[in-house]
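Asks: For reference, the file start_35.cif (mmCIF, C-alpha atoms (C1' of nucleotides)) is included below:
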data_data
#
loop_
_atom_site.label_atom_id
_atom_site.label_comp_id
_atom_site.auth_asym_id
_atom_site.auth_seq_id
_atom_site.Cartn_x
_atom_site.Cartn_y
_atom_site.Cartn_z
CA MET A 1 -16.11 87.69 188.65
CA SER A 2 -15.36 90.66 190.81
CA SER A 3 -11.83 91.76 191.53
CA ILE A 4 -12.78 92.43 195.12
CA ARG A 5 -14.26 90.17 197.74
CA PHE A 6 -16.40 91.38 200.60
CA THR A 7 -16.93 89.26 203.68
CA ILE A 8 -19.29 90.26 206.43
CA GLU A 9 -18.04 89.09 209.80
CA LYS A 10 -20.51 90.61 212.23
CA LYS A 11 -23.91 92.18 211.98
CA LEU A 12 -26.03 94.30 214.26
CA GLU A 13 -28.94 92.28 215.62
CA ASN A 14 -31.60 94.83 214.98
CA GLY A 15 -30.32 96.95 212.18
CA LEU A 16 -28.29 97.31 209.04
CA GLY A 17 -24.87 97.79 210.61
CA ARG A 18 -22.11 95.31 209.92
CA ALA A 19 -18.36 94.82 210.09
CA GLY A 20 -16.37 92.96 207.49
CA VAL A 21 -13.30 92.69 205.32
CA LEU A 22 -12.92 94.01 201.82
CA THR A 23 -10.23 92.21 199.86
CA THR A 24 -8.61 94.06 196.94
CA PRO A 25 -5.61 93.39 194.72
CA HIS A 26 -3.61 95.69 197.00
CA GLY A 27 -4.68 94.30 200.32
CA ASN A 28 -7.53 94.21 202.75
CA VAL A 29 -9.67 96.91 204.25
CA GLU A 30 -11.32 96.17 207.56
CA THR A 31 -14.71 97.79 207.41
CA PRO A 32 -16.26 100.03 208.37
CA ALA A 33 -13.39 102.24 207.26
CA PHE A 34 -12.66 105.85 206.53
CA ALA A 35 -10.74 106.69 203.34
CA PRO A 36 -8.78 109.92 203.56
CA VAL A 37 -9.10 111.96 200.40
CA GLY A 38 -6.02 112.41 198.28
CA THR A 39 -7.54 114.28 195.39
CA LEU A 40 -4.33 114.89 193.48
CA ALA A 41 -2.69 111.61 194.44
CA THR A 42 -1.63 113.02 197.78
CA VAL A 43 -3.40 113.43 201.06
CA LYS A 44 -2.49 117.04 201.59
CA ALA A 45 0.34 117.59 204.07
CA LEU A 46 1.10 113.91 204.68
CA SER A 47 3.46 111.33 203.25
CA PRO A 48 1.97 107.91 202.43
CA GLU A 49 4.07 106.43 205.24
CA GLU A 50 2.54 108.84 207.76
CA LEU A 51 -0.87 108.04 206.37
CA TRP A 52 -0.28 104.35 206.80
CA GLU A 53 1.09 104.78 210.31
CA LEU A 54 -1.91 106.73 211.51
CA GLY A 55 -4.09 103.86 210.40
CA ALA A 56 -5.47 104.79 206.99
CA GLN A 57 -6.23 101.62 205.05
CA VAL A 58 -7.34 103.07 201.76
CA VAL A 59 -7.05 106.39 199.89
CA LEU A 60 -9.47 108.04 197.49
CA ALA A 61 -8.14 110.15 194.62
CA ASN A 62 -9.97 112.08 191.94
CA THR A 63 -10.42 111.35 188.26
CA TYR A 64 -11.09 114.89 187.10
CA HIS A 65 -8.10 116.38 188.92
CA LEU A 66 -5.65 113.67 187.88
CA TYR A 67 -6.88 113.82 184.31
CA LEU A 68 -6.01 117.53 184.24
CA GLN A 69 -2.72 117.05 186.03
CA PRO A 70 -0.48 115.24 185.59
CA GLY A 71 -2.74 113.41 183.10
CA ASP A 72 -3.97 109.84 183.42
CA ALA A 73 -1.57 108.63 180.73
CA THR A 74 1.32 109.73 182.93
CA ILE A 75 -0.05 107.83 185.89
CA ALA A 76 -0.51 104.75 183.71
CA LYS A 77 3.13 105.00 182.65
CA ALA A 78 4.15 105.34 186.29
CA GLY A 79 2.51 102.00 186.94
CA GLY A 80 -0.78 103.20 188.35
CA LEU A 81 -1.93 105.41 191.17
CA GLY A 82 -0.57 103.37 194.09
CA LYS A 83 2.86 103.06 192.58
CA PHE A 84 2.92 106.68 191.41
CA MET A 85 2.16 108.07 194.87
CA ASN A 86 3.92 105.27 196.75
CA PHE A 87 0.86 104.17 198.69
CA HIS A 88 0.96 100.39 198.82
CA GLY A 89 -2.54 99.78 200.14
CA PRO A 90 -5.85 99.81 198.30
CA THR A 91 -6.83 102.93 196.39
CA MET A 92 -10.00 104.23 194.83
CA THR A 93 -10.93 107.05 192.47
CA ASP A 94 -14.06 109.13 192.33
CA SER A 95 -15.39 109.36 188.79
CA GLY A 96 -15.26 113.13 188.41
CA GLY A 97 -18.99 113.22 188.97
CA PHE A 98 -18.65 115.40 192.03
CA GLN A 99 -16.89 118.08 189.99
CA VAL A 100 -19.98 118.28 187.79
CA PHE A 101 -21.54 119.69 190.94
CA SER A 102 -18.68 121.58 192.59
CA LEU A 103 -17.58 123.28 189.37
CA GLY A 104 -21.11 123.37 188.01
CA SER A 105 -24.15 124.39 189.97
CA ALA A 106 -22.10 125.02 193.12
CA TYR A 107 -19.40 127.05 191.43
CA LYS A 108 -18.74 130.40 193.11
CA ARG A 109 -22.03 130.27 194.94
CA GLY A 110 -21.02 129.06 198.36
CA VAL A 111 -23.33 126.07 197.92
CA THR A 112 -22.46 122.72 199.44
CA LYS A 113 -24.11 119.38 198.92
CA ILE A 114 -25.55 119.55 202.41
CA ALA A 115 -28.33 121.98 203.16
CA LYS A 116 -28.53 123.17 206.74
CA GLY A 117 -31.88 123.54 208.38
CA ASP A 118 -34.82 121.26 207.88
CA ALA A 119 -36.34 119.59 204.87
CA GLU A 120 -39.07 122.21 204.56
CA GLU A 121 -36.58 125.03 204.13
CA ALA A 122 -34.63 123.14 201.54
CA GLN A 123 -37.70 122.79 199.36
CA GLY A 124 -37.16 126.34 198.16
CA ASN A 125 -36.55 126.42 194.46
CA ASP A 126 -33.16 127.34 193.19
CA GLU A 127 -34.05 129.97 190.65
CA HIS A 128 -30.51 130.49 189.49
CA HIS A 129 -29.91 126.84 188.99
CA THR A 130 -29.33 127.01 185.29
CA GLU A 131 -28.11 130.52 184.78
CA HIS A 132 -24.94 131.60 186.48
CA THR A 133 -21.24 131.47 185.89
CA GLN A 134 -20.07 127.92 186.00
CA LEU A 135 -17.42 125.81 184.41
CA MET A 136 -19.74 122.99 183.36
CA ARG A 137 -22.32 122.42 180.67
CA ILE A 138 -24.33 119.24 181.05
CA ASP A 139 -26.14 117.34 178.33
CA GLU A 140 -27.55 113.86 178.08
CA ASP A 141 -24.35 112.43 176.69
CA GLY A 142 -21.93 113.94 179.18
CA VAL A 143 -20.36 117.11 180.45
CA THR A 144 -18.28 119.80 178.81
CA PHE A 145 -16.22 121.72 181.26
CA ARG A 146 -13.52 124.31 181.43
CA SER A 147 -10.46 123.49 183.44
CA HIS A 148 -10.42 125.45 186.70
CA ILE A 149 -6.66 125.59 186.23
CA ASP A 150 -6.20 127.07 182.78
CA GLY A 151 -9.67 127.45 181.28
CA THR A 152 -9.16 124.93 178.50
CA GLU A 153 -12.23 123.01 177.42
CA HIS A 154 -12.62 119.29 178.11
CA ARG A 155 -15.28 116.67 177.71
CA LEU A 156 -16.20 114.04 180.26
CA THR A 157 -18.61 111.21 179.51
CA PRO A 158 -19.21 107.92 181.33
CA GLU A 159 -16.98 106.19 178.78
CA LYS A 160 -14.25 108.80 179.18
CA SER A 161 -14.43 108.70 182.96
CA ILE A 162 -14.05 104.93 183.01
CA ALA A 163 -11.18 105.06 180.52
CA ILE A 164 -9.39 107.61 182.67
CA GLN A 165 -10.03 105.61 185.83
CA GLU A 166 -8.65 102.52 184.11
CA ASN A 167 -5.52 104.46 183.27
CA ILE A 168 -5.21 105.73 186.81
CA GLY A 169 -5.63 102.15 187.91
CA ALA A 170 -7.13 102.32 191.41
CA ASP A 171 -8.58 99.13 192.92
CA ILE A 172 -12.04 100.61 193.25
CA ILE A 173 -13.61 103.01 190.75
CA PHE A 174 -16.99 104.70 190.51
CA SER A 175 -19.60 105.19 187.83
CA PHE A 176 -19.93 108.68 186.37
CA ASP A 177 -22.85 110.51 187.98
CA GLU A 178 -24.43 113.91 188.38
CA PRO A 179 -24.90 115.10 191.93
CA THR A 180 -27.39 117.94 192.26
CA SER A 181 -27.63 120.91 194.57
CA PRO A 182 -29.80 120.21 197.62
CA ARG A 183 -31.83 123.23 196.58
CA ALA A 184 -32.35 122.27 192.97
CA PRO A 185 -35.98 122.00 191.91
CA ARG A 186 -37.47 118.52 191.91
CA VAL A 187 -37.97 118.56 188.16
CA TYR A 188 -34.27 119.11 187.71
CA MET A 189 -33.38 116.37 190.19
CA GLU A 190 -35.52 113.95 188.22
CA GLN A 191 -33.72 114.81 185.00
CA ALA A 192 -30.33 114.53 186.67
CA LEU A 193 -31.30 111.18 188.15
CA SER A 194 -32.29 109.69 184.83
CA ARG A 195 -28.96 110.87 183.42
CA THR A 196 -27.11 109.31 186.35
CA HIS A 197 -28.91 106.03 185.72
CA ALA A 198 -28.17 106.05 182.01
CA TRP A 199 -24.57 106.93 182.76
CA ALA A 200 -24.37 104.06 185.26
CA GLU A 201 -25.30 101.57 182.54
CA ARG A 202 -22.83 103.17 180.14
CA SER A 203 -20.10 103.11 182.80
CA LEU A 204 -20.61 99.38 183.22
CA ALA A 205 -20.57 98.82 179.48
CA ALA A 206 -17.39 100.87 179.08
CA LYS A 207 -15.40 98.92 181.64
CA LYS A 208 -12.59 96.82 180.14
CA ARG A 209 -10.19 95.95 182.95
CA ASN A 210 -11.17 93.10 185.21
CA ASP A 211 -8.79 93.88 188.06
CA GLN A 212 -10.77 96.91 189.21
CA ALA A 213 -14.08 96.94 191.06
CA LEU A 214 -16.73 99.30 189.72
CA LEU A 215 -19.22 100.80 192.16
CA GLY A 216 -22.53 102.24 190.98
CA ILE A 217 -23.81 105.46 192.50
CA VAL A 218 -27.26 105.99 193.96
CA GLN A 219 -28.58 109.55 193.69
CA GLY A 220 -32.00 111.14 194.21
CA GLY A 221 -31.12 114.17 196.29
CA ARG A 222 -33.33 114.93 199.22
CA TYR A 223 -36.40 113.14 197.80
CA HIS A 224 -37.00 109.79 199.42
CA ASP A 225 -39.05 108.39 196.58
CA LEU A 226 -36.33 109.29 194.10
CA ARG A 227 -33.73 107.70 196.39
CA GLU A 228 -35.80 104.55 196.57
CA HIS A 229 -36.22 104.44 192.83
CA SER A 230 -32.51 105.04 192.33
CA ALA A 231 -31.47 102.36 194.82
CA GLN A 232 -33.68 99.84 193.06
CA PHE A 233 -32.38 100.79 189.64
CA ILE A 234 -28.69 100.76 190.58
CA ALA A 235 -29.01 97.63 192.75
CA ALA A 236 -30.32 95.72 189.76
CA LEU A 237 -27.16 96.40 187.75
CA PRO A 238 -24.11 94.13 188.02
CA PHE A 239 -21.90 96.48 190.03
CA ASP A 240 -19.26 95.23 192.45
CA GLY A 241 -20.56 97.52 195.14
CA PHE A 242 -22.39 100.77 195.61
CA GLY A 243 -21.81 104.38 196.38
CA ILE A 244 -24.41 106.67 197.84
CA GLY A 245 -23.90 110.16 196.58
CA GLY A 246 -25.42 113.52 196.23
CA SER A 247 -27.14 116.14 198.20
CA TYR A 248 -28.94 116.05 201.49
CA VAL A 249 -30.59 118.02 204.19
CA LYS A 250 -28.20 117.61 207.10
CA ASP A 251 -30.54 115.90 209.55
CA ASP A 252 -31.93 113.64 206.85
CA ILE A 253 -28.67 111.97 205.78
CA VAL A 254 -29.20 109.09 208.18
CA ASN A 255 -32.74 108.49 206.89
CA VAL A 256 -31.63 108.47 203.27
CA VAL A 257 -28.82 106.06 204.05
CA ALA A 258 -31.14 103.71 205.92
CA LEU A 259 -33.68 103.84 203.13
CA VAL A 260 -31.14 103.10 200.41
CA ASN A 261 -29.27 100.40 202.33
CA ARG A 262 -32.46 98.45 202.96
CA ILE A 263 -32.72 98.13 199.18
CA LEU A 264 -29.09 97.53 198.21
CA PRO A 265 -27.95 93.89 198.26
CA GLU A 266 -26.44 92.98 201.60
CA ASP A 267 -23.44 91.10 200.25
CA LYS A 268 -21.79 94.00 198.43
CA PRO A 269 -19.86 96.92 199.95
CA ARG A 270 -21.52 100.30 200.37
CA HIS A 271 -19.63 103.54 200.25
CA LEU A 272 -21.13 106.78 201.51
CA LEU A 273 -19.50 109.31 199.21
CA GLY A 274 -18.06 112.47 200.65
CA ILE A 275 -19.45 111.98 204.14
CA GLY A 276 -18.63 112.92 206.65
CA GLU A 277 -18.42 114.43 209.99
CA VAL A 278 -18.07 112.41 213.17
CA GLU A 279 -21.79 112.00 213.88
CA ASP A 280 -22.49 111.18 210.24
CA ILE A 281 -20.04 108.31 210.45
CA PHE A 282 -21.56 106.80 213.57
CA GLU A 283 -25.00 107.07 212.07
CA GLY A 284 -23.83 105.74 208.72
CA ILE A 285 -22.19 102.69 210.28
CA GLU A 286 -25.34 101.95 212.20
CA GLN A 287 -27.27 102.04 208.96
CA GLY A 288 -24.98 99.66 207.12
CA ILE A 289 -22.30 101.79 205.50
CA ASP A 290 -18.92 100.08 205.04
CA LEU A 291 -16.79 102.83 203.55
CA PHE A 292 -16.59 106.58 203.94
CA ASP A 293 -14.43 109.27 202.45
CA CYS A 294 -14.43 112.93 203.29
CA VAL A 295 -12.31 115.96 202.84
CA GLN A 296 -13.48 117.45 206.10
CA PRO A 297 -10.82 116.19 208.56
CA THR A 298 -7.85 117.06 206.37
CA ARG A 299 -9.30 120.38 205.30
CA ILE A 300 -10.34 121.70 208.69
CA ALA A 301 -7.06 120.52 210.16
CA ARG A 302 -5.16 122.55 207.58
CA ASN A 303 -7.38 125.48 208.39
CA GLY A 304 -6.57 125.23 212.08
CA THR A 305 -9.34 123.13 213.60
CA LEU A 306 -8.42 119.95 215.46
CA LEU A 307 -11.02 117.31 216.19
CA THR A 308 -11.03 115.70 219.61
CA LYS A 309 -13.33 113.55 221.70
CA HIS A 310 -14.47 116.74 223.34
CA GLY A 311 -15.32 118.47 220.10
CA ARG A 312 -13.58 120.93 217.86
CA HIS A 313 -10.53 122.78 219.01
CA ASP A 314 -9.42 125.81 217.05
CA ILE A 315 -5.66 125.76 217.45
CA PHE A 316 -5.38 129.22 215.91
CA ASN A 317 -7.26 130.88 218.77
CA ALA A 318 -5.32 133.14 221.12
CA GLY A 319 -6.03 130.98 224.16
CA ASN A 320 -3.59 128.33 222.93
CA LYS A 321 -0.57 130.59 223.12
CA GLU A 322 0.77 129.16 226.36
CA LEU A 323 -1.02 125.85 226.66
CA PHE A 324 1.93 123.51 227.03
CA GLU A 325 -0.11 120.34 226.82
CA PRO A 326 -0.91 117.91 224.00
CA PRO A 327 -3.85 118.71 221.73
CA GLU A 328 -5.60 115.73 223.28
CA TRP A 329 -4.37 114.12 226.51
CA ASP A 330 -5.08 110.45 225.90
CA CYS A 331 -4.42 110.50 222.16
CA ALA A 332 -1.74 108.15 220.84
CA CYS A 333 -1.03 110.02 217.61
CA TYR A 334 2.42 111.32 216.72
CA THR A 335 1.35 114.92 217.24
CA CYS A 336 -0.13 114.42 220.69
CA THR A 337 2.77 112.29 221.90
CA HIS A 338 5.39 114.84 220.83
CA TYR A 339 3.99 118.36 220.68
CA THR A 340 1.95 120.93 222.60
CA LYS A 341 -0.98 123.11 221.67
CA ALA A 342 1.22 126.13 222.21
CA TYR A 343 3.72 124.87 219.65
CA VAL A 344 1.16 123.92 217.02
CA HIS A 345 -0.53 127.27 217.62
CA HIS A 346 2.76 129.02 217.09
CA LEU A 347 3.35 127.12 213.83
CA PHE A 348 -0.06 128.18 212.53
CA ARG A 349 0.57 131.79 213.48
CA ALA A 350 3.92 131.73 211.81
CA LYS A 351 2.42 130.06 208.73
CA GLU A 352 4.84 127.19 209.06
CA ILE A 353 4.15 124.04 207.04
CA LEU A 354 4.78 121.74 210.00
CA GLY A 355 1.66 123.15 211.65
CA HIS A 356 -0.48 121.82 208.83
CA ARG A 357 1.23 118.47 209.02
CA LEU A 358 0.85 118.06 212.77
CA ALA A 359 -2.77 119.21 212.73
CA THR A 360 -3.60 116.86 209.87
CA ILE A 361 -1.88 113.91 211.54
CA HIS A 362 -3.88 114.36 214.71
CA THR A 363 -7.25 115.04 213.14
CA LEU A 364 -6.97 112.26 210.59
CA PHE A 365 -5.79 109.82 213.28
CA PHE A 366 -8.82 110.77 215.29
CA ARG A 367 -11.14 110.29 212.33
CA VAL A 368 -9.66 107.06 211.05
"C1'" G B 369 22.34 177.89 213.04
"C1'" C B 370 20.35 177.76 207.77
"C1'" G B 371 17.70 174.97 203.98
"C1'" G B 372 14.66 170.78 202.40
"C1'" C B 373 11.31 166.89 203.58
"C1'" G B 374 8.11 164.70 207.02
"C1'" G B 375 4.89 163.74 211.72
"C1'" U B 376 -2.52 160.12 210.14
"C1'" G B 377 -5.61 154.19 213.80
"C1'" G B 378 -0.96 148.41 217.04
"C1'" C B 379 2.51 148.77 212.48
"C1'" G B 380 3.25 150.19 207.23
"C1'" G B 381 0.95 153.57 204.30
"C1'" A B 382 -3.40 156.47 201.39
"C1'" G B 383 -6.02 160.99 201.68
"C1'" U B 384 -3.97 167.28 200.61
"C1'" G B 385 -10.70 172.49 201.97
"C1'" G B 386 -16.78 169.61 202.41
"C1'" U B 387 -19.62 163.04 200.68
"C1'" C B 388 -13.49 161.19 206.53
"C1'" A B 389 -14.01 157.45 212.05
"C1'" A B 390 -10.60 158.12 207.66
"C1'" U B 391 -8.91 153.61 200.92
"C1'" C B 392 -5.50 149.55 201.31
"C1'" G B 393 -1.98 145.96 203.35
"C1'" C B 394 -0.10 143.63 207.76
"C1'" A B 395 -1.07 142.31 212.70
"C1'" C B 396 -5.05 141.13 215.94
"C1'" U B 397 -10.24 138.80 217.39
"C1'" U B 398 -13.93 135.42 216.02
"C1'" G B 399 -16.50 132.17 212.77
"C1'" A B 400 -16.99 128.68 208.66
"C1'" C B 401 -15.15 124.30 206.20
"C1'" U B 402 -18.87 117.00 204.42
"C1'" G B 403 -16.93 112.24 196.71
"C1'" U B 404 -10.79 119.36 197.76
"C1'" A B 405 -11.73 125.37 192.52
"C1'" A B 406 -9.46 125.46 199.48
"C1'" A B 407 -2.07 126.02 203.61
"C1'" U B 408 -8.97 128.61 201.85
"C1'" C B 409 -13.05 131.85 202.82
"C1'" A B 410 -16.11 135.31 205.82
"C1'" A B 411 -17.00 138.93 209.63
"C1'" G B 412 -15.08 142.34 213.20
"C1'" C B 413 -11.13 145.58 214.45
"C1'" G B 414 -11.22 154.53 218.07
"C1'" C B 415 -14.80 154.98 222.48
"C1'" C B 416 -20.17 154.68 224.04
"C1'" C B 417 -24.97 152.98 223.72
"C1'" C B 418 -31.46 152.35 222.94
"C1'" U B 419 -26.60 148.63 217.71
"C1'" G B 420 -28.68 153.04 214.23
"C1'" U B 421 -29.23 156.71 207.41
"C1'" G B 422 -27.14 156.82 216.46
"C1'" G B 423 -23.82 159.76 219.91
"C1'" C B 424 -18.81 161.24 221.18
"C1'" U B 425 -13.53 161.97 220.58
"C1'" A B 426 -9.68 161.80 216.71
"C1'" C B 427 -5.01 162.93 211.80
"C1'" G B 428 2.45 165.81 216.65
"C1'" C B 429 1.01 170.35 220.18
"C1'" A B 430 -1.20 175.39 220.48
"C1'" G B 431 -3.57 179.14 218.03
"C1'" G B 432 -5.76 181.22 213.46
"C1'" U B 433 -8.44 181.59 208.46
"C1'" U B 434 -13.22 179.55 206.74
"C1'" C B 435 -20.17 178.38 206.76
"C1'" G B 436 -16.75 174.01 206.92
"C1'" A B 437 -9.72 171.98 208.19
"C1'" A B 438 -6.23 165.63 208.52
"C1'" U B 439 -6.06 169.01 204.31
"C1'" C B 440 -4.71 176.46 204.18
"C1'" C B 441 -1.77 180.12 207.64
"C1'" U B 442 1.43 181.18 212.21
"C1'" G B 443 4.31 179.53 216.31
"C1'" C B 444 6.29 175.50 218.98
"C1'" C B 445 7.97 170.29 219.62
"C1'" C B 446 10.02 165.88 217.34
"C1'" G B 447 12.43 162.87 213.18
"C1'" C B 448 15.36 162.32 208.64
"C1'" C B 449 18.61 164.52 204.81
"C1'" G B 450 21.93 168.41 203.04
"C1'" C B 451 24.96 172.82 204.11
"C1'" A B 452 27.63 175.43 207.85
#
I need this file expressed as structure tokens, please.
Replies:
Amino acid sequence: MSSIRFTIEKKLENGLGRAGVLTTPHGNVETPAFAPVGTLATVKALSPEELWELGAQVVLANTYHLYLQPGDATIAKAGGLGKFMNFHGPTMTDSGGFQVFSLGSAYKRGVTKIAKGDAEEAQGNDEHHTEHTQLMRIDEDGVTFRSHIDGTEHRLTPEKSIAIQENIGADIIFSFDEPTSPRAPRVYMEQALSRTHAWAERSLAAKKRNDQALLGIVQGGRYHDLREHSAQFIAALPFDGFGIGGSYVKDDIVNVVALVNRILPEDKPRHLLGIGEVEDIFEGIEQGIDLFDCVQPTRIARNGTLLTKHGRHDIFNAGNKELFEPPEWDCACYTCTHYTKAYVHHLFRAKEILGHRLATIHTLFFRV
RNA sequence: GCGGCGGUGGCGGAGUGGUCAAUCGCACUUGACUGUAAAUCAAGCGCCCCUGUGGCUACGCAGGUUCGAAUCCUGCCCGCCGCA
């Protein structure tokens, strides 16, 4: 018996796309939906009320970060994530798997999970893959890492990740996985994939609470045959839904998603982890994705880039100085109905906090 | 008037005989950002072009010493401080 219910209400005639409703203990999510990322139990720069008002239905927080601070036991005492951060809607937590990548093979190397260029280019072996400064050490059983905050050593395993996520208490949780660099050698991706699969089974076995939905994560990097194998393996396990994770070549994301979604069971929700940008979302929806999360809108907004129908708008640029018009003319968000580009530009120049808030409100409204 | 200190790129401020178009910070210009190590990071920032181990002009002004001066000497101008 799953703690969530997923109902498909409409489907594309010739394709994988669908719209539905995901019912959780903390309310419904009309899918497809975008989950703003609130890593540390806060979507940076916004209050939960503002988040709700701009249309966010669900928030994703992070296991690794909340385990380090304030500690999952504290959140449990507070009554769980939603109560702790005063967000009354559905919540989810990533398993900490992504930090195996971001603090591991990607650490201090300017590597992201998405390789630009084409598939051919990305084939290049990553010679430094195993030997450079990183905060993670991976073995078959789990991961030993050093806190990026104070350097203390910690251990994360599938069992530990699930225990922490049960303490945090989100409605939807994820299995512990190992995303790889898009440039990692195939041999390494195969090893990582078999770990991810073993960890998926252990995550399921470790689960105790029955009021949380556990989603299994499909990996396989940029290799289609590995993706296919992974989708089949994960689909066969009794998860409440699925996450698609890992690394891609930019233009190939849509193909990987289509490939995986043709294999995953139709009646369970599918979450495309950490994606994405505007085009990625349109393509993902078309290929049957129900849920997205991504740091991109909140991060670029804080760094001065607003998203609009007409593309990116860098509010920091000098040209905005005397543009006394809304960031986007026909936008109904709080920022656009009350403030001008000139003002938001001024706030960014002056390093005023309100600038980050107004930029985030607009860009997240646009994305959601 | 005398004495002391000081005048360097938009600003602050290094440098005190050669490797100086000149450390660094700020400001400015532009770019990046995809399960947040991120209110972060990167590049540029005298002028010119064939964009380079390229050319030219620069360290208050004018002279001088030296193979070579932002750096030493002389005079002048300006600022601050002290004494008259």
Asks: Take the point (-7.4, 170.1, 196.8) in the file's coordinates, draw a sphere of radius 9 Å around it, and report as a short mmCIF file (atom, residue, chain, number, x, y, z; two decimals) with C-alpha atoms (C1' of nucleotides), in the frame of the given file every protein, DNA or RNA residue with an atom inside or on it, counting all atoms listed in the file.
Replies:
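Output saved as selection.cif:
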data_model
loop_
_atom_site.label_atom_id
_atom_site.label_comp_id
_atom_site.auth_asym_id
_atom_site.auth_seq_id
_atom_site.Cartn_x
_atom_site.Cartn_y
_atom_site.Cartn_z
"C1'" U B 384 -3.97 167.28 200.61
"C1'" G B 385 -10.70 172.49 201.97
"C1'" U B 439 -6.06 169.01 204.31
#
Asks: Here's the selection I'm unsure about, the PyMOL selection byres ((chain A) within 8 of (chain B)); applied to the file above, which residues does it give, as a PyMOL selection string?
Replies: chain A and resi 39+94+98+102-103+107+113-114+148+245+273-277+293-296+299-300+302-303+351+353+356
Asks: When distances are computed from only C-alpha atoms, which of A:His26, A:His362, A:His224, A:Lys11 shows the smallest separation from Asp211 of chain A?
Replies: A:His26
Asks: Would you write out, as a PyMOL selection string, every residue that the PyMOL selection byres ((chain B and resi 379) around 12) captures in this file?
Replies: chain B and resi 377-378+380-381+393-396
Asks: Box in all listed atoms of segment 429-439 of chain B, axis-aligned, with 3 Å more on each side; write out centre and edge lengths in Å to one decimal as lines of an AutoDock Vina configuration file.
Replies:
center_x = -9.6
center_y = 173.6
center_z = 212.4
size_x = 27.2
size_y = 22.0
size_z = 22.2
